[in-house]
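**Student:** The following file, run-v8.txt, comprises compact mmCIF, C-alpha atoms:
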```txt
# COMPACT_ATOMS: atom_id res chain seq x y z
CA MET A 170 1.60 -22.51 24.73
CA SER A 171 3.16 -19.55 26.56
CA ARG A 172 3.93 -16.55 24.36
CA LEU A 173 7.41 -16.54 25.90
CA TRP A 174 8.12 -19.93 24.41
CA ARG A 175 6.68 -19.47 20.94
CA ASP A 176 8.96 -19.21 17.93
CA GLN A 177 8.55 -15.83 16.27
CA ILE A 178 7.90 -14.92 12.63
CA GLN A 179 8.56 -11.26 11.82
CA VAL A 180 7.22 -10.02 8.48
CA PHE A 181 7.40 -7.05 6.15
CA LEU A 182 4.46 -7.21 3.76
CA ALA A 183 4.47 -5.20 0.49
CA PRO A 184 2.70 -5.43 -2.88
CA GLY A 185 5.63 -7.11 -4.65
CA ARG A 186 7.77 -8.58 -1.89
CA LEU A 187 7.63 -10.48 1.37
CA ASP A 188 10.51 -10.27 3.84
CA TRP A 189 10.47 -12.50 6.90
CA VAL A 190 12.73 -13.81 9.59
CA ARG A 191 12.20 -16.64 12.04
CA LEU A 192 13.46 -16.47 15.62
CA LYS A 193 13.91 -19.51 17.84
CA ARG A 194 11.97 -19.26 21.07
CA GLY A 195 13.71 -18.36 24.30
CA LEU A 196 14.60 -15.48 26.60
CA LYS A 197 16.98 -14.25 23.90
CA PRO A 198 15.47 -15.38 20.58
CA VAL A 199 17.99 -16.49 17.94
CA GLN A 200 17.42 -15.84 14.24
CA THR A 201 17.27 -19.12 12.34
CA ALA A 202 16.03 -17.98 8.92
CA LYS A 203 15.83 -14.83 6.81
CA VAL A 204 13.93 -14.89 3.53
CA THR A 205 12.97 -12.44 0.79
CA VAL A 206 10.40 -13.43 -1.84
CA PHE A 207 9.56 -11.26 -4.84
CA PHE A 208 6.33 -11.73 -6.79
CA GLU A 209 4.00 -9.94 -9.19
CA PRO A 210 0.72 -8.52 -7.81
CA VAL A 211 -2.39 -9.83 -9.52
CA ALA A 212 -4.60 -7.37 -11.38
CA GLY A 213 -8.25 -7.07 -10.44
CA VAL A 214 -7.82 -7.84 -6.72
CA PRO A 215 -6.80 -5.62 -3.79
CA VAL A 216 -3.14 -4.61 -3.90
CA TRP A 217 -2.42 -6.61 -0.73
CA HIS A 218 -4.07 -9.83 -1.90
CA THR A 219 -1.05 -11.57 -3.45
CA ALA A 220 1.19 -10.59 -0.55
CA VAL A 221 -1.20 -12.22 1.92
CA GLN A 222 -1.23 -15.38 -0.17
CA GLN A 223 2.57 -15.47 -0.01
CA LEU A 224 2.47 -15.00 3.76
CA GLU A 225 0.01 -17.87 4.15
CA ARG A 226 2.56 -20.22 2.60
CA VAL A 227 5.00 -19.19 5.31
CA LEU A 228 2.53 -19.61 8.17
CA ALA A 229 1.37 -22.97 6.86
CA GLU A 230 4.84 -24.27 7.77
CA ALA A 231 5.11 -22.26 10.98
CA ALA A 232 2.17 -23.40 13.08
CA GLY A 233 2.11 -22.13 16.64
CA THR A 234 4.41 -19.16 16.07
CA GLU A 235 3.94 -15.57 17.22
CA VAL A 236 3.68 -13.23 14.24
CA SER A 237 4.67 -9.57 13.97
CA VAL A 238 3.74 -7.74 10.75
CA ILE A 239 4.94 -4.44 9.33
CA LEU A 240 2.68 -3.24 6.53
CA SER A 241 4.06 -1.38 3.53
CA ASN A 242 2.94 2.23 3.18
CA HIS A 243 1.28 1.11 -0.07
CA PHE A 244 -1.45 -0.42 2.11
CA LEU A 245 -1.86 2.57 4.44
CA ARG A 246 -3.43 6.00 4.36
CA TYR A 247 -2.39 8.62 6.90
CA ALA A 248 -3.49 11.91 8.35
CA ALA A 249 -1.84 14.19 10.89
CA LEU A 250 -4.03 15.11 13.84
CA PRO A 251 -3.01 18.67 14.83
CA PRO A 252 -3.16 19.57 18.53
CA GLN A 253 -6.56 20.35 20.00
CA ASN A 254 -6.50 21.32 23.70
CA GLU A 255 -10.19 20.57 24.21
CA ILE A 256 -9.86 16.94 23.01
CA ALA A 257 -8.93 14.65 25.86
CA THR A 258 -10.98 11.44 26.17
CA PRO A 259 -10.42 8.36 23.96
CA GLU A 260 -13.90 8.80 22.48
CA GLU A 261 -13.15 12.41 21.53
CA VAL A 262 -9.83 11.44 19.98
CA LYS A 263 -11.51 8.71 17.93
CA SER A 264 -14.19 11.10 16.69
CA TYR A 265 -11.54 13.69 15.82
CA ALA A 266 -9.53 11.10 13.86
CA GLU A 267 -12.60 9.92 11.96
CA PHE A 268 -13.49 13.53 11.11
CA ARG A 269 -9.97 14.31 9.85
CA MET A 270 -9.74 11.13 7.77
CA ARG A 271 -13.16 11.71 6.24
CA GLU A 272 -12.13 15.26 5.33
CA VAL A 273 -9.31 13.84 3.24
CA TYR A 274 -10.61 10.49 2.00
CA ALA A 275 -14.41 10.86 2.10
CA GLU A 276 -16.49 7.66 2.13
CA ARG A 277 -13.47 5.39 1.59
CA VAL A 278 -12.97 5.64 5.36
CA ASP A 279 -15.96 3.33 5.81
CA SER A 280 -13.92 0.34 4.59
CA TRP A 281 -10.88 1.07 6.78
CA VAL A 282 -9.87 0.45 10.37
CA LEU A 283 -8.27 3.48 12.02
CA SER A 284 -5.26 3.27 14.29
CA ILE A 285 -4.21 6.33 16.30
CA SER A 286 -0.81 6.96 17.85
CA ASN A 287 -0.55 8.15 21.45
CA TRP A 288 -2.68 11.30 21.64
CA ASN A 289 -1.29 14.42 23.23
CA PRO A 290 -3.47 17.58 23.25
CA ILE A 291 -0.28 19.66 22.95
CA ASP A 292 1.47 17.75 20.16
CA GLY A 293 -1.39 15.96 18.41
CA ALA A 294 -1.02 12.48 16.90
CA VAL A 295 -1.04 10.46 13.69
CA CYS A 296 -3.92 8.41 12.33
CA ALA A 297 -3.29 5.43 10.05
CA ALA A 298 -6.03 3.70 8.08
CA ILE A 299 -5.72 0.01 7.20
CA PRO A 300 -8.13 -1.83 4.89
CA ARG A 301 -10.55 -3.76 7.09
CA ASP A 302 -10.49 -6.74 4.73
CA LEU A 303 -6.71 -6.94 5.04
CA LEU A 304 -6.85 -7.08 8.83
CA VAL A 305 -9.60 -9.70 8.73
CA GLN A 306 -7.57 -11.85 6.33
CA LEU A 307 -4.44 -11.61 8.49
CA GLU A 308 -6.29 -12.48 11.69
CA HIS A 309 -8.18 -15.37 10.08
CA MET A 310 -5.03 -16.75 8.46
CA ALA A 311 -3.06 -16.63 11.71
CA SER A 312 -5.86 -18.32 13.62
CA SER A 313 -6.27 -21.07 11.03
CA HIS A 314 -2.58 -21.99 11.39
CA GLY A 315 -2.50 -21.78 15.16
CA CYS A 316 -0.41 -18.61 15.12
CA LYS A 317 -0.82 -15.59 17.36
CA ILE A 318 -0.49 -12.05 15.98
CA LYS A 319 1.62 -9.95 18.31
CA VAL A 320 1.42 -6.66 16.40
CA ILE A 321 0.42 -5.24 13.01
CA GLU A 322 2.28 -1.98 12.47
CA PRO A 323 2.49 0.61 9.66
CA TYR A 324 5.96 0.96 8.11
CA LEU A 325 6.09 4.70 8.82
CA ALA A 326 5.17 4.19 12.48
CA SER A 327 7.79 1.47 12.90
CA VAL A 328 10.58 3.64 11.48
CA TYR A 329 9.52 6.72 13.45
CA ASP A 330 9.28 4.84 16.74
CA ARG A 331 12.63 3.13 16.22
CA TRP A 332 14.66 6.29 15.60
CA GLN A 333 12.54 8.95 17.28
CA VAL A 334 15.21 9.90 19.81
CA GLN A 335 17.69 10.57 16.96
CA LEU A 336 15.34 13.00 15.17
CA LYS A 337 16.52 16.49 16.15
CA GLY A 338 15.43 19.97 15.14
CA GLU A 339 12.60 22.47 15.45
CA LYS A 340 11.22 21.19 12.17
CA ILE A 341 11.71 17.52 11.37
CA TYR A 342 11.26 15.95 7.96
CA LEU A 343 11.25 12.14 7.98
CA ALA A 344 11.11 10.39 4.61
CA VAL A 345 10.55 6.64 4.31
CA ILE A 346 11.07 5.32 0.80
CA GLU A 347 10.32 1.84 -0.45
CA ALA A 348 9.85 0.36 -3.91
CA GLY A 349 7.32 2.54 -5.67
CA ARG A 350 6.35 4.80 -2.73
CA ILE A 351 7.47 7.81 -0.71
CA CYS A 352 6.08 8.70 2.70
CA ILE A 353 7.07 11.97 4.38
CA ALA A 354 6.12 12.92 7.94
CA ILE A 355 6.68 16.46 9.23
CA THR A 356 6.67 17.81 12.78
CA HIS A 357 7.21 21.41 13.90
CA HIS A 358 8.27 22.06 17.50
CA GLY A 359 7.19 18.50 18.26
CA LYS A 360 3.69 18.99 16.82
CA TRP A 361 2.49 16.84 13.95
CA GLN A 362 2.09 19.00 10.86
CA SER A 363 1.48 16.75 7.86
CA ILE A 364 2.00 13.33 6.31
CA ARG A 365 2.39 12.75 2.59
CA ASN A 366 2.12 9.21 1.22
CA GLN A 367 2.43 8.97 -2.56
CA ARG A 368 3.48 6.73 -5.42
CA ILE A 369 6.82 7.22 -7.13
CA LEU A 370 5.96 8.35 -10.65
CA HIS A 371 9.43 9.09 -12.04
CA ASN A 372 12.33 8.10 -9.79
CA ALA A 373 12.82 8.17 -6.05
CA ALA A 374 15.29 11.09 -5.91
CA ASP A 375 13.33 13.41 -8.22
CA ASP A 376 9.99 12.64 -6.60
CA LEU A 377 11.43 13.07 -3.10
CA LEU A 378 12.88 16.47 -3.98
CA ALA A 379 9.64 17.62 -5.60
CA ALA A 380 7.59 16.48 -2.60
CA LEU A 381 9.90 18.19 -0.10
CA ASP A 382 9.85 21.44 -2.08
CA GLN A 383 6.06 21.36 -2.21
CA GLU A 384 5.87 20.86 1.54
CA VAL A 385 8.01 23.91 2.32
CA ILE A 386 6.04 26.02 -0.18
CA TRP A 387 2.81 25.11 1.60
CA SER A 388 4.34 25.83 5.00
CA GLY A 389 5.46 29.24 3.77
CA ALA A 390 9.05 29.12 5.01
CA LYS A 391 12.30 27.45 3.90
CA GLU A 392 15.76 27.80 5.36
CA ALA A 393 18.80 28.12 3.10
CA MET A 394 19.53 24.51 3.99
CA GLU A 395 16.89 22.10 5.19
CA PHE A 396 17.58 18.62 6.58
CA VAL A 397 15.60 15.47 5.89
CA TYR A 398 16.00 12.21 7.77
CA LEU A 399 15.87 9.43 5.20
CA PHE A 400 15.22 5.73 5.62
CA ALA A 401 15.45 4.09 2.20
CA PRO A 402 17.05 0.65 2.52
CA GLU A 403 15.95 -0.32 -0.99
CA HIS A 404 17.64 2.82 -2.40
CA PRO A 405 21.04 2.88 -0.67
CA GLU A 406 22.62 5.20 -3.28
CA LEU A 407 19.88 7.85 -3.20
CA THR A 408 21.21 11.43 -3.03
CA LEU A 409 19.87 14.92 -3.64
CA PRO A 410 21.74 17.63 -5.59
CA GLN A 411 23.97 19.84 -3.44
CA GLU A 412 22.30 22.95 -4.85
CA SER A 413 18.80 21.68 -3.97
CA GLY A 414 18.84 23.23 -0.49
CA TRP A 415 18.26 19.82 1.10
CA CYS A 416 20.71 17.72 3.07
CA ILE A 417 20.03 14.04 3.74
CA ILE A 418 20.63 12.54 7.17
CA SER A 419 20.59 8.80 6.59
CA LEU A 420 19.01 6.31 8.94
CA PRO A 421 19.87 4.02 10.72
CA ALA A 422 21.43 6.44 13.19
CA GLY A 423 23.18 5.93 16.50
CA LYS A 424 23.27 2.45 17.99
CA MET A 425 19.79 1.53 16.74
CA THR A 426 20.15 -0.70 13.68
CA ALA A 427 17.48 -1.56 11.12
CA LEU A 428 15.22 -4.50 11.93
CA ALA A 429 16.20 -7.70 10.16
CA TYR A 430 12.87 -7.95 8.36
CA TYR A 431 12.84 -4.42 6.97
CA PRO A 432 13.15 -4.53 3.16
CA SER A 433 16.67 -4.22 1.79
CA VAL A 434 18.68 -4.73 -1.37
CA PRO A 435 20.01 -8.31 -1.36
CA THR A 436 23.80 -8.42 -1.59
CA HIS A 437 23.70 -11.51 -3.79
CA GLN A 438 21.05 -13.04 -6.00
CA SER A 439 21.44 -16.24 -3.98
CA ASP A 440 20.04 -14.38 -0.96
CA LEU A 441 16.58 -14.40 -2.53
CA ASN A 442 13.95 -16.96 -1.63
CA GLN A 443 16.31 -18.86 0.62
CA CYS A 444 15.97 -20.17 4.17
CA PRO A 445 19.50 -20.26 5.62
CA ALA A 446 19.74 -21.80 9.07
```
Let's see the structure in the file written out as structure tokens.
**Tutor:**
Amino acid sequence: MSRLWRDQIQVFLAPGRLDWVRLKRGLKPVQTAKVTVFFEPVAGVPVWHTAVQQLERVLAEAAGTEVSVILSNHFLRYAALPPQNEIATPEEVKSYAEFRMREVYAERVDSWVLSISNWNPIDGAVCAAIPRDLLVQLEHMASSHGCKIKVIEPYLASVYDRWQVQLKGEKIYLAVIEAGRICIAITHHGKWQSIRNQRILHNAADDLLAALDQEVIWSGAKEAMEFVYLFAPEHPELTLPQESGWCIISLPAGKMTALAYYPSVPTHQSDLNQCPA
């Protein structure tokens, strides 16, 4: 079956929720279903295990579809790869990424698959680590149901790529917040500086403010007012105090809207676990 004429399933996979939409095949695919399922992760198994089980129920009724998956930042580990002029070949970039990840995460890297954004010796790149077992499970599950995986993408990377042209400033702070997790990416003059990916221990606003303040302390410089681009569809009312020295610029921005399968706050309880045509 031609990829052009496959129905599409687009998925956001997180520890406690599964968001998916189905698109009818064609030159201009038409959305025919949008579903959100909440569930409780099971103790004693990998944090992604229950989510994959939920996804398998979807694919079991969607044989032959093309599947795109965005993975929650809960499942990812990141590291910024600062510019290195002498690193140019793909092999050198891979070795550099492995070295940087091992510096931060030690032997845990051995059980991960590394994915590297487009490398630029002037600006650097980002490395994302995905559990190898998770990738194997997704690929096996898709194959067993006759589905074809189009892309598996980290949540941070998806948000950054979608609104990159709207991110302005010498120093850019991008915060992606989902249920239970904050991820902050920082660039300076277009160069990747750092990525912080942490659990929410208190509440999203307090933990975001504390993380941002820590980042500027480590960088050694803070303007009277700093700006942070924020994508937090599950926290639509999130604000920071006016006296904090931080100003939120909310995403989506411009004409680029959020993807239909990004997590969101349902407007009505009846929106949950439903398959409207």
**Student:** One decimal, Å: what's the distance from CA of Ala344 (chain A) over to CA of Leu399 (chain A), could you say?
**Tutor:**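 Between CA of Ala344 (chain A) and CA of Leu399 (chain A) the gap works out to 4.9 Å.
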**Student:** Hey, can you pull every residue with an atom no more than 10 Å from (6.4, -4.7, 0.5), using all atoms listed in the file, and send it as a ChimeraX atom specification?
**Tutor:** /A:180-188,206-207,217,220,239-244,324,347-349,431-432
**Student:** CA of Tyr398 (chain A) and CA of Gln333 (chain A) are how many Å apart?
**Tutor:**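 Between CA of Tyr398 (chain A) and CA of Gln333 (chain A) the gap works out to 10.6 Å.
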**Student:** Would you mind reading off the distance between CA of Cys296 (chain A) and CA of Arg350 (chain A), one decimal, in Å?
**Tutor:**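 Between CA of Cys296 (chain A) and CA of Arg350 (chain A) the gap works out to 18.6 Å.
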**Student:** Excluding Asn366 (chain A) and any residue of its chain fewer than 2 positions from it, enumerate the residues within 10 Å of it, using only C-alpha atoms, and give them as a list of chain:residue names.
**Tutor:**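 These residues fall inside the cut-off: A:Asn242, A:His243, A:Leu245, A:Arg246, A:Tyr247, A:Ala248, A:Leu325, A:Ala344, A:Val345, A:Ile346, A:Arg350, A:Ile351, A:Cys352, A:Ile353, A:Ala354, A:Ile364, A:Arg368, A:Ile369, A:Ala380.
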**Student:** Counting only C-alpha atoms, what is within 12 Å of Asp375 (chain A), bar same-chain residues fewer than 3 positions away, as a list of chain:residue names?
**Tutor:**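 Skipping anything fewer than 3 positions along the chain leaves A:Ile351, A:Ile369, A:Leu370, A:His371, A:Asn372, A:Leu378, A:Ala379, A:Ala380, A:Leu381, A:Asp382, A:Leu407, A:Thr408, A:Leu409, A:Pro410, A:Ser413.
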**Student:** Please provide the set of residues having any atom within 12 Å of Asn287 (chain A), restricted to all atoms listed in the file, with same-chain residues fewer than 5 positions apart removed, written as a list in words.
**Tutor:**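 Near Asn287 (chain A), the qualifying residues are Leu250, Ala257, Thr258, Pro259, Val262, Lys263, Asp292, Gly293, Ala294, Val295, Cys296, Ala326, Asp330 and Trp361 of chain A.
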